[in-house]
Amino acid sequence: MHALSTLARLGIGGLLLDPRAFRAQRDDPGAFQRGLFLVALVGLLVGLASWIGDLGEYLTQPDPEAVRSTLYDGLTAMPWFRQVAEEVPGFSTSFEQAFAQQAGLFQTNPLLGLGGVALAPILALLSWLIVGTIVHIAARAFGGTASYGQTLACTALAAGANLLGLVQVVPYAQVAGATLLGLIVTYVAVREAHGLPSWRAFWAVTIGPLLLTALLAGLGCCAVIVLVSTLSNAQGAAL
């Protein structure tokens with residue numbers, strides 16, 4: 001019970017950007033294990049809340065067959081459908097077959113979401129390790145002094161931002177701002193763990209996403225250039 005109350009206090013401290021929570025993590029030799037458990041626990045709780053919300057949506061959603069029937073009647077009653085059916089032989093039959101194949105889109109199985117509950121803490125741990133590693137390397141490059149374990153212990157408190165995801169326990173509820181809050185918590189974690197000035201901690205946290213954005217933009221530009229070149233060559237060969 002004491003351990004759970006400590007985790008709750010740390011999670012809330014991270015959510016509220018309390019510097020004392022980050023310093024306690026930095027100076028505690030067993031903070032890494034506690035941070036690991038905190039990240040996994042928050043991931044599990046958020047995954048469970050999401051599944052409960054999905055279950056509530058499943059129990060309150062309209063009859064899938066009624067939705068399918070209404071959509072079918074609406075499409076087939078449109079003027080364009082009658083016009084195409086008259087001009088294209090076999091269109092009505094093809095439409096019937098294609099629509100029947102999509103029947104599963106109107107049905108959901110809440111039991112499938114149980115896999116997401118088990119997967120949520122694993123994904124949370126992977127995200128924590130990847131982000132923690134990147135910001136640790138950047139923070140050390142900017143003059144930070146914390147060890148790798150201390151960085152991970154402090155950035156684990158960014159899991160507190162994911163507590164906003166508990167609102168998903170309410171059917172149809174959506175989460176907004178958790179990613180931004182997570183970045184802010186990570187910034188405070190790096191600043192307190194490494195004792196960096198504010199601007200250095202800011203760049204240590206943001207340089208990873210900036211480099212990733214630049215890399216994706218560069219790959220996108222390369223793909224466009226290759227596509228344009230391929231189309232130009234194809235047109236030249238055709239001429």
# chains A, B, ... in the order shown; residues from 1 in each chain; ligands from 1
$ closest_atom_pairs --of "range 124-235 of chain A" --to "range 20-32 of chain A" --cutoff "8 Å" --atoms "only C-alpha atoms" --output "JSON lines"
{"residue": "A:Gly149", "atom": "CA", "partner": "A:Phe32", "partner_atom": "CA", "distance": 6.1}
{"residue": "A:Gln150", "atom": "CA", "partner": "A:Arg26", "partner_atom": "CA", "distance": 5.1}
{"residue": "A:Thr151", "atom": "CA", "partner": "A:Arg26", "partner_atom": "CA", "distance": 7.5}
{"residue": "A:Leu152", "atom": "CA", "partner": "A:Phe32", "partner_atom": "CA", "distance": 6.6}
{"residue": "A:Ala153", "atom": "CA", "partner": "A:Phe32", "partner_atom": "CA", "distance": 4.6}
{"residue": "A:Cys154", "atom": "CA", "partner": "A:Phe22", "partner_atom": "CA", "distance": 5.4}
{"residue": "A:Leu157", "atom": "CA", "partner": "A:Phe22", "partner_atom": "CA", "distance": 7.5}
{"residue": "A:Val188", "atom": "CA", "partner": "A:Phe22", "partner_atom": "CA", "distance": 7.9}
{"residue": "A:Ala189", "atom": "CA", "partner": "A:Phe22", "partner_atom": "CA", "distance": 6.0}
{"residue": "A:Glu192", "atom": "CA", "partner": "A:Arg23", "partner_atom": "CA", "distance": 6.3}
{"residue": "A:Ala193", "atom": "CA", "partner": "A:Arg26", "partner_atom": "CA", "distance": 5.8}
$ select_by_dssp --residues "range 126-215 of chain A" --states "helix (DSSP H, G or I)" --output "ChimeraX atom specification"
/A:126-141,148-169,178-194,198-215
$ residues_around --residues "Trp51 in chain A" --least-positions-apart "5" --cutoff "7 Å" --atoms "only C-alpha atoms" --output "compact mmCIF listing (two decimals) with C-alpha atoms, in the first residue's frame"
# COMPACT_ATOMS: atom_id res chain seq x y z
CA GLY A 113 -9.80 -4.67 -27.15
CA LEU A 114 -8.51 -6.87 -24.33
CA VAL A 117 -5.02 -3.63 -22.52
$ closest_residue --among "A:Ala66, A:Leu16, A:Ala178, A:Leu164" --to "Ala49 in chain A" --atoms "only C-alpha atoms"
A:Leu164
$ closest_residue --among "A:Gly13, A:Leu211, A:Leu75, A:Trp203" --to "Arg140 in chain A" --atoms "only C-alpha atoms"
A:Trp203
$ closest_residue --among "A:Gly14, A:Arg68, A:Ala40, A:Tyr148" --to "Leu126 in chain A" --atoms "only C-alpha atoms"
A:Ala40
$ residues_around --residues "Thr206 in chain A" --least-positions-apart "6" --cutoff "10 Å" --atoms "only C-alpha atoms" --output "PyMOL selection string"
chain A and resi 135+138+183+186-187+200
$ closest_residue --among "A:Ala204, A:Val88, A:Leu111, A:Val170" --to "Val131 in chain A" --atoms "only C-alpha atoms"
A:Ala204
$ closest_residue --among "A:Pro121, A:Pro19, A:Gly11, A:Gly56" --to "Gly43 in chain A" --atoms "only C-alpha atoms"
A:Pro121
$ closest_residue --among "A:Val205, A:Leu15, A:Ala223, A:Ala217" --to "Ile137 in chain A" --atoms "only C-alpha atoms"
A:Val205
$ atom_distance --atom1 "CA of Gly177 in chain A" --atom2 "CA of Leu163 in chain A"
11.4 Å
$ atom_distance --atom1 "CA of Thr179 in chain A" --atom2 "CA of Leu216 in chain A"
19.1 Å
$ residues_around --residues "Val46 in chain A" --least-positions-apart "4" --cutoff "7 Å" --atoms "only C-alpha atoms" --output "JSON, numbers by chain"
{"A": [42, 50, 163, 165, 166]}
$ residues_around --residues "Val39 in chain A" --least-positions-apart "2" --cutoff "7 Å" --atoms "only C-alpha atoms" --output "list in words"
Gly35, Leu36, Phe37, Leu41, Val42, Gly43, Ala124, Leu125, Ala156 and Ala159 of chain A
